[in-house]
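K.L.:
So here's coords23.txt (compact mmCIF, C-alpha atoms).
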# COMPACT_ATOMS: atom_id res chain seq x y z
CA MET A 1 -38.06 -41.17 -71.19
CA THR A 2 -41.75 -40.53 -70.53
CA ARG A 3 -41.25 -41.09 -66.80
CA CYS A 4 -38.35 -38.62 -66.80
CA ILE A 5 -40.48 -35.94 -68.48
CA HIS A 6 -43.35 -36.64 -66.06
CA ALA A 7 -40.98 -36.37 -63.08
CA LEU A 8 -39.54 -33.09 -64.36
CA GLY A 9 -43.04 -31.70 -64.88
CA THR A 10 -44.04 -32.69 -61.36
CA MET A 11 -40.92 -31.09 -59.90
CA ALA A 12 -41.55 -27.88 -61.86
CA LEU A 13 -45.13 -27.75 -60.56
CA ILE A 14 -43.95 -28.26 -56.97
CA LEU A 15 -41.38 -25.48 -57.31
CA LEU A 16 -43.99 -23.15 -58.79
CA VAL A 17 -46.44 -23.81 -55.95
CA PHE A 18 -43.87 -23.28 -53.21
CA SER A 19 -42.48 -20.08 -54.71
CA MET A 20 -45.86 -18.28 -54.68
CA ASP A 21 -47.66 -16.61 -51.82
CA VAL A 22 -50.22 -18.83 -50.16
CA ARG A 23 -53.87 -18.15 -50.96
CA ALA A 24 -56.93 -19.11 -49.00
CA GLY A 25 -59.88 -18.64 -51.29
CA ASP A 26 -59.18 -15.22 -52.79
CA VAL A 27 -56.99 -14.02 -49.89
CA PRO A 28 -53.24 -13.95 -50.47
CA TYR A 29 -51.32 -14.24 -47.22
CA LEU A 30 -47.94 -15.09 -45.72
CA SER A 31 -47.11 -16.31 -42.26
CA GLY A 32 -43.83 -16.95 -40.54
CA GLY A 33 -41.23 -14.84 -38.83
CA VAL A 34 -39.51 -17.47 -36.74
CA GLY A 35 -36.05 -15.96 -36.30
CA ALA A 36 -34.76 -12.49 -36.99
CA ASP A 37 -33.97 -13.15 -40.67
CA ALA A 38 -37.46 -14.46 -41.38
CA ARG A 39 -39.02 -11.44 -39.61
CA GLU A 40 -36.90 -9.11 -41.76
CA GLU A 41 -38.08 -10.90 -44.92
CA LEU A 42 -41.71 -10.43 -43.90
CA LEU A 43 -41.07 -6.79 -42.98
CA ALA A 44 -39.74 -6.24 -46.51
CA LYS A 45 -43.00 -7.64 -47.97
CA GLU A 46 -45.34 -5.73 -45.62
CA LYS A 47 -46.15 -3.03 -48.19
CA GLU A 48 -47.75 -5.67 -50.44
CA TYR A 49 -50.41 -6.46 -47.80
CA ASN A 50 -52.97 -4.47 -45.81
CA LEU A 51 -53.30 -6.51 -42.60
CA LYS A 52 -50.60 -7.57 -40.17
CA ILE A 53 -51.27 -9.87 -37.21
CA VAL A 54 -48.59 -10.45 -34.57
CA VAL A 55 -49.01 -13.14 -31.89
CA ALA A 56 -47.05 -13.40 -28.66
CA GLU A 57 -47.23 -14.14 -24.98
CA ARG A 58 -47.73 -11.15 -22.65
CA SER A 59 -44.04 -11.54 -21.77
CA GLY A 60 -43.22 -10.67 -25.40
CA ASP A 61 -42.14 -14.17 -26.43
CA TYR A 62 -43.38 -14.79 -29.95
CA LEU A 63 -45.71 -17.70 -30.72
CA ALA A 64 -46.24 -20.04 -33.67
CA GLY A 65 -48.95 -22.57 -34.38
CA VAL A 66 -51.77 -20.13 -33.62
CA LYS A 67 -55.04 -20.99 -35.41
CA VAL A 68 -56.52 -17.87 -37.04
CA VAL A 69 -59.96 -17.40 -38.58
CA ILE A 70 -60.90 -14.10 -40.20
CA GLU A 71 -64.55 -13.29 -40.92
CA SER A 72 -66.00 -10.40 -42.91
CA ALA A 73 -68.67 -8.08 -41.51
CA GLN A 74 -71.16 -10.30 -43.39
CA LYS A 75 -69.98 -13.29 -41.27
CA GLU A 76 -68.28 -14.90 -44.26
CA GLN A 77 -65.07 -16.74 -43.45
CA VAL A 78 -62.31 -15.29 -45.64
CA LEU A 79 -59.26 -16.97 -44.07
CA ASP A 80 -58.72 -20.05 -41.91
CA THR A 81 -55.10 -20.98 -41.27
CA THR A 82 -52.53 -21.93 -38.69
CA MET A 83 -49.70 -19.43 -38.40
CA GLU A 84 -46.22 -20.75 -39.12
CA GLY A 85 -44.66 -18.06 -36.94
CA PRO A 86 -45.55 -14.93 -35.01
CA ILE A 87 -46.49 -12.80 -38.04
CA LEU A 88 -49.30 -13.12 -40.57
CA LEU A 89 -49.67 -10.73 -43.51
CA ALA A 90 -52.89 -10.79 -45.52
CA LYS A 91 -54.35 -8.82 -48.40
CA LEU A 92 -58.05 -8.32 -47.80
CA ALA A 93 -60.70 -6.14 -49.39
CA PRO A 94 -61.05 -2.91 -47.37
CA GLY A 95 -63.62 -3.27 -44.60
CA THR A 96 -64.24 -4.49 -41.08
CA TYR A 97 -63.27 -8.00 -40.05
CA THR A 98 -63.43 -10.18 -36.95
CA ILE A 99 -60.29 -12.11 -36.09
CA ARG A 100 -60.45 -15.18 -33.86
CA ALA A 101 -57.14 -16.67 -32.82
CA VAL A 102 -56.66 -19.78 -30.71
CA HIS A 103 -53.51 -20.77 -28.84
CA ASP A 104 -53.27 -23.45 -26.18
CA GLY A 105 -57.07 -23.59 -25.89
CA GLN A 106 -57.44 -19.83 -25.30
CA THR A 107 -59.36 -17.79 -27.88
CA LEU A 108 -58.77 -14.09 -28.46
CA THR A 109 -61.20 -12.10 -30.63
CA ARG A 110 -60.54 -8.70 -32.16
CA THR A 111 -62.28 -6.48 -34.67
CA VAL A 112 -60.13 -4.63 -37.18
CA THR A 113 -60.81 -2.18 -39.97
CA VAL A 114 -58.63 -2.92 -42.98
CA PRO A 115 -57.82 0.29 -44.88
CA ALA A 116 -57.86 0.78 -48.64
CA GLN A 117 -54.28 2.07 -48.31
CA GLY A 118 -51.82 1.39 -45.55
CA LEU A 119 -51.65 -1.42 -43.04
CA GLY A 120 -54.16 -2.51 -40.42
CA ARG A 121 -52.43 -4.04 -37.40
CA VAL A 122 -53.60 -6.47 -34.76
CA ASP A 123 -51.40 -7.43 -31.81
CA LEU A 124 -52.61 -10.51 -29.95
CA ARG A 125 -51.09 -11.35 -26.54
CA TRP A 126 -51.87 -14.42 -24.48
CA SER A 127 -51.46 -14.76 -20.72
CA MET A 128 -49.67 -18.06 -20.29
CA THR A 129 -50.51 -20.13 -17.25
CA LYS A 130 -47.72 -22.40 -16.10
Can the structure in the file be given as structure tokens, please?

P.N.:
Amino acid sequence: MTRCIHALGTMALILLVFSMDVRAGDVPYLSGGVGADAREELLAKEKEYNLKIVVAERSGDYLAGVKVVIESAQKEQVLDTTMEGPILLAKLAPGTYTIRAVHDGQTLTRTVTVPAQGLGRVDLRWSMTK
């Protein structure tokens, strides 16, 4: 009986963790958007965040697996993650941030000002060498 209760508690904890937005430090964020349905789901949640990053090849083909690091103007790392799809939504304190994104060994760096209201957007496009 004790094992059953322990197993149920563990399963409840796992469900709770996977149903919440991901947080890195104090930064809530979501990433994904592989497939049209997943992109629509993220679009519906956009208003809850103030930064949107989209990653793609110059051809327009979306990317996944892009490593993203966001630093504050004070050079403090506020987010370090690997994107699960072409879209990342984050909720940051208003201010200026540096975004470094790495795909296939190529690093792109952008500076963005995140507004107190509205959505800051960063579109990152890689030239793919074949």

K.L.:
Please check which residues have atoms at most 10 Å from (-53.4, -5.9, -46.8) in the file's coordinates, counting only C-alpha atoms, and write them as a PyMOL selection string.

P.N.:
chain A and resi 27-29+46-52+89-94+114-121

K.L.:
What residues have an atom no more than 8 Å from (-58.4, -4.6, -36.4) in the file's own frame, counting all atoms listed in the file, and can you write them as a list of chain:residue names?

P.N.:
A:Thr96, A:Tyr97, A:Thr98, A:Ile99, A:Arg110, A:Thr111, A:Val112, A:Thr113, A:Val114, A:Gly120, A:Arg121, A:Val122

K.L.:
Of the candidates A:Leu43, A:Ala101, A:Ala64, A:Ala56, which shows the shortest atom-to-atom distance to Met83 (chain A), using all atoms listed in the file?

P.N.:
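Of A:Leu43, A:Ala101, A:Ala64, A:Ala56, the one nearest Met83 (chain A) is A:Ala64, counting all atoms listed in the file.
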
K.L.:
Which residue gives the smallest distance to Glu57 (chain A) among A:Leu79, A:Pro86, A:Lys45, A:Gly95, with all atoms listed in the file counted?

P.N.:
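Among the listed residues, the smallest separation from Glu57 (chain A) belongs to A:Pro86.
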
K.L.:
Name the closest residue to Trp126 (chain A) among the candidates A:Val34, A:Leu88, A:Leu63, A:Leu42; distances are taken between atoms, counting only C-alpha atoms.

P.N.:
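Smallest separation from Trp126 (chain A) among the options: A:Leu63.
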
K.L.:
State, in Å with one decimal place, the distance from CA of Glu40 (chain A) to CA of Gln77 (chain A).

P.N.:
29.2 Å

K.L.:
Work out how far apart CA of Ala44 (chain A) and CA of Thr109 (chain A) are and give it in Å to one decimal.

P.N.:
27.3 Å

K.L.:
Return the single residue from A:Gly33, A:Glu76, A:Met128, A:Arg100 that is closest to Val54 (chain A), with distances computed using only C-alpha atoms.

P.N.:
A:Gly33

K.L.:
Tell me, in Å to one decimal, how far CA of Lys75 (chain A) is from CA of Val55 (chain A).

P.N.:
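About the pair CA of Lys75 (chain A) and CA of Val55 (chain A): they are 23.0 Å apart.
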
K.L.:
Find, counting all atoms listed in the file, the residue in A:Ile87, A:Leu108, A:Val66, A:Val78 that gets nearest to Leu30 (chain A).

P.N.:
A:Ile87

K.L.:
Which is closer to Arg39 (chain A) than all the others in A:Lys67, A:Ala73, A:Tyr62, A:Asp80, using all atoms listed in the file?

P.N.:
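Nearest candidate to Arg39 (chain A) out of A:Lys67, A:Ala73, A:Tyr62, A:Asp80: A:Tyr62.
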
K.L.:
Since the input lacks some atoms of region 96-107 of chain A, please model all heavy atoms and print them as a PDB file, in the coordinates of the input.

P.N.:
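Contents of the output file out.pdb:
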ATOM      1  N   THR A  96     -64.357  -4.082 -42.479  1.00  0.00           N
ATOM      2  CA  THR A  96     -64.240  -4.490 -41.080  1.00  0.00           C
ATOM      3  C   THR A  96     -64.288  -6.003 -40.986  1.00  0.00           C
ATOM      4  O   THR A  96     -65.134  -6.647 -41.624  1.00  0.00           O
ATOM      5  CB  THR A  96     -65.381  -3.856 -40.249  1.00  0.00           C
ATOM      6  OG1 THR A  96     -65.290  -2.437 -40.378  1.00  0.00           O
ATOM      7  CG2 THR A  96     -65.260  -4.227 -38.781  1.00  0.00           C
ATOM      8  N   TYR A  97     -63.393  -6.563 -40.188  1.00  0.00           N
ATOM      9  CA  TYR A  97     -63.270  -8.000 -40.050  1.00  0.00           C
ATOM     10  C   TYR A  97     -63.178  -8.383 -38.574  1.00  0.00           C
ATOM     11  O   TYR A  97     -62.699  -7.598 -37.750  1.00  0.00           O
ATOM     12  CB  TYR A  97     -62.007  -8.509 -40.764  1.00  0.00           C
ATOM     13  CG  TYR A  97     -62.058  -8.322 -42.254  1.00  0.00           C
ATOM     14  CD1 TYR A  97     -61.651  -7.123 -42.837  1.00  0.00           C
ATOM     15  CD2 TYR A  97     -62.533  -9.332 -43.083  1.00  0.00           C
ATOM     16  CE1 TYR A  97     -61.709  -6.946 -44.208  1.00  0.00           C
ATOM     17  CE2 TYR A  97     -62.593  -9.151 -44.455  1.00  0.00           C
ATOM     18  CZ  TYR A  97     -62.177  -7.966 -45.007  1.00  0.00           C
ATOM     19  OH  TYR A  97     -62.236  -7.789 -46.365  1.00  0.00           O
ATOM     20  N   THR A  98     -63.599  -9.608 -38.271  1.00  0.00           N
ATOM     21  CA  THR A  98     -63.430 -10.180 -36.950  1.00  0.00           C
ATOM     22  C   THR A  98     -62.344 -11.245 -37.033  1.00  0.00           C
ATOM     23  O   THR A  98     -62.402 -12.117 -37.913  1.00  0.00           O
ATOM     24  CB  THR A  98     -64.738 -10.812 -36.441  1.00  0.00           C
ATOM     25  OG1 THR A  98     -65.734  -9.795 -36.386  1.00  0.00           O
ATOM     26  CG2 THR A  98     -64.561 -11.416 -35.054  1.00  0.00           C
ATOM     27  N   ILE A  99     -61.393 -11.152 -36.136  1.00  0.00           N
ATOM     28  CA  ILE A  99     -60.290 -12.110 -36.090  1.00  0.00           C
ATOM     29  C   ILE A  99     -60.450 -12.945 -34.826  1.00  0.00           C
ATOM     30  O   ILE A  99     -60.570 -12.394 -33.726  1.00  0.00           O
ATOM     31  CB  ILE A  99     -58.934 -11.389 -36.082  1.00  0.00           C
ATOM     32  CG1 ILE A  99     -58.776 -10.577 -37.359  1.00  0.00           C
ATOM     33  CG2 ILE A  99     -57.791 -12.395 -35.917  1.00  0.00           C
ATOM     34  CD1 ILE A  99     -57.599  -9.640 -37.344  1.00  0.00           C
ATOM     35  N   ARG A 100     -60.453 -14.262 -34.991  1.00  0.00           N
ATOM     36  CA  ARG A 100     -60.450 -15.180 -33.860  1.00  0.00           C
ATOM     37  C   ARG A 100     -59.158 -15.978 -33.934  1.00  0.00           C
ATOM     38  O   ARG A 100     -58.879 -16.604 -34.964  1.00  0.00           O
ATOM     39  CB  ARG A 100     -61.653 -16.111 -33.899  1.00  0.00           C
ATOM     40  CG  ARG A 100     -62.935 -15.418 -33.532  1.00  0.00           C
ATOM     41  CD  ARG A 100     -64.127 -16.376 -33.464  1.00  0.00           C
ATOM     42  NE  ARG A 100     -65.352 -15.608 -33.278  1.00  0.00           N
ATOM     43  CZ  ARG A 100     -65.999 -14.973 -34.234  1.00  0.00           C
ATOM     44  NH1 ARG A 100     -65.539 -15.004 -35.464  1.00  0.00           N
ATOM     45  NH2 ARG A 100     -67.091 -14.281 -33.980  1.00  0.00           N
ATOM     46  N   ALA A 101     -58.409 -15.954 -32.861  1.00  0.00           N
ATOM     47  CA  ALA A 101     -57.140 -16.670 -32.820  1.00  0.00           C
ATOM     48  C   ALA A 101     -57.120 -17.570 -31.592  1.00  0.00           C
ATOM     49  O   ALA A 101     -57.505 -17.144 -30.497  1.00  0.00           O
ATOM     50  CB  ALA A 101     -55.988 -15.677 -32.773  1.00  0.00           C
ATOM     51  N   VAL A 102     -56.678 -18.805 -31.791  1.00  0.00           N
ATOM     52  CA  VAL A 102     -56.660 -19.780 -30.710  1.00  0.00           C
ATOM     53  C   VAL A 102     -55.245 -20.286 -30.500  1.00  0.00           C
ATOM     54  O   VAL A 102     -54.573 -20.726 -31.444  1.00  0.00           O
ATOM     55  CB  VAL A 102     -57.594 -20.982 -31.023  1.00  0.00           C
ATOM     56  CG1 VAL A 102     -57.562 -21.995 -29.879  1.00  0.00           C
ATOM     57  CG2 VAL A 102     -59.005 -20.513 -31.303  1.00  0.00           C
ATOM     58  N   HIS A 103     -54.807 -20.207 -29.227  1.00  0.00           N
ATOM     59  CA  HIS A 103     -53.510 -20.770 -28.840  1.00  0.00           C
ATOM     60  C   HIS A 103     -53.676 -21.451 -27.492  1.00  0.00           C
ATOM     61  O   HIS A 103     -54.200 -20.854 -26.544  1.00  0.00           O
ATOM     62  CB  HIS A 103     -52.441 -19.671 -28.741  1.00  0.00           C
ATOM     63  CG  HIS A 103     -51.137 -20.193 -28.225  1.00  0.00           C
ATOM     64  ND1 HIS A 103     -50.343 -21.032 -28.972  1.00  0.00           N
ATOM     65  CD2 HIS A 103     -50.525 -20.040 -27.039  1.00  0.00           C
ATOM     66  CE1 HIS A 103     -49.273 -21.348 -28.259  1.00  0.00           C
ATOM     67  NE2 HIS A 103     -49.368 -20.767 -27.074  1.00  0.00           N
ATOM     68  N   ASP A 104     -53.250 -22.688 -27.427  1.00  0.00           N
ATOM     69  CA  ASP A 104     -53.270 -23.450 -26.180  1.00  0.00           C
ATOM     70  C   ASP A 104     -54.656 -23.438 -25.535  1.00  0.00           C
ATOM     71  O   ASP A 104     -54.796 -23.272 -24.323  1.00  0.00           O
ATOM     72  CB  ASP A 104     -52.212 -22.889 -25.230  1.00  0.00           C
ATOM     73  CG  ASP A 104     -51.823 -23.886 -24.144  1.00  0.00           C
ATOM     74  OD1 ASP A 104     -51.964 -25.105 -24.379  1.00  0.00           O
ATOM     75  OD2 ASP A 104     -51.389 -23.447 -23.064  1.00  0.00           O
ATOM     76  N   GLY A 105     -55.696 -23.543 -26.387  1.00  0.00           N
ATOM     77  CA  GLY A 105     -57.070 -23.590 -25.890  1.00  0.00           C
ATOM     78  C   GLY A 105     -57.686 -22.251 -25.529  1.00  0.00           C
ATOM     79  O   GLY A 105     -58.861 -22.186 -25.173  1.00  0.00           O
ATOM     80  N   GLN A 106     -56.927 -21.171 -25.605  1.00  0.00           N
ATOM     81  CA  GLN A 106     -57.440 -19.830 -25.300  1.00  0.00           C
ATOM     82  C   GLN A 106     -57.738 -19.087 -26.595  1.00  0.00           C
ATOM     83  O   GLN A 106     -56.882 -18.995 -27.461  1.00  0.00           O
ATOM     84  CB  GLN A 106     -56.421 -19.025 -24.494  1.00  0.00           C
ATOM     85  CG  GLN A 106     -56.078 -19.604 -23.139  1.00  0.00           C
ATOM     86  CD  GLN A 106     -55.011 -18.773 -22.445  1.00  0.00           C
ATOM     87  OE1 GLN A 106     -54.923 -17.568 -22.652  1.00  0.00           O
ATOM     88  NE2 GLN A 106     -54.199 -19.422 -21.633  1.00  0.00           N
ATOM     89  N   THR A 107     -58.959 -18.532 -26.694  1.00  0.00           N
ATOM     90  CA  THR A 107     -59.360 -17.790 -27.880  1.00  0.00           C
ATOM     91  C   THR A 107     -59.348 -16.301 -27.605  1.00  0.00           C
ATOM     92  O   THR A 107     -59.892 -15.842 -26.602  1.00  0.00           O
ATOM     93  CB  THR A 107     -60.780 -18.203 -28.325  1.00  0.00           C
ATOM     94  OG1 THR A 107     -60.798 -19.605 -28.581  1.00  0.00           O
ATOM     95  CG2 THR A 107     -61.202 -17.447 -29.582  1.00  0.00           C
TER      96      THR A 107
END
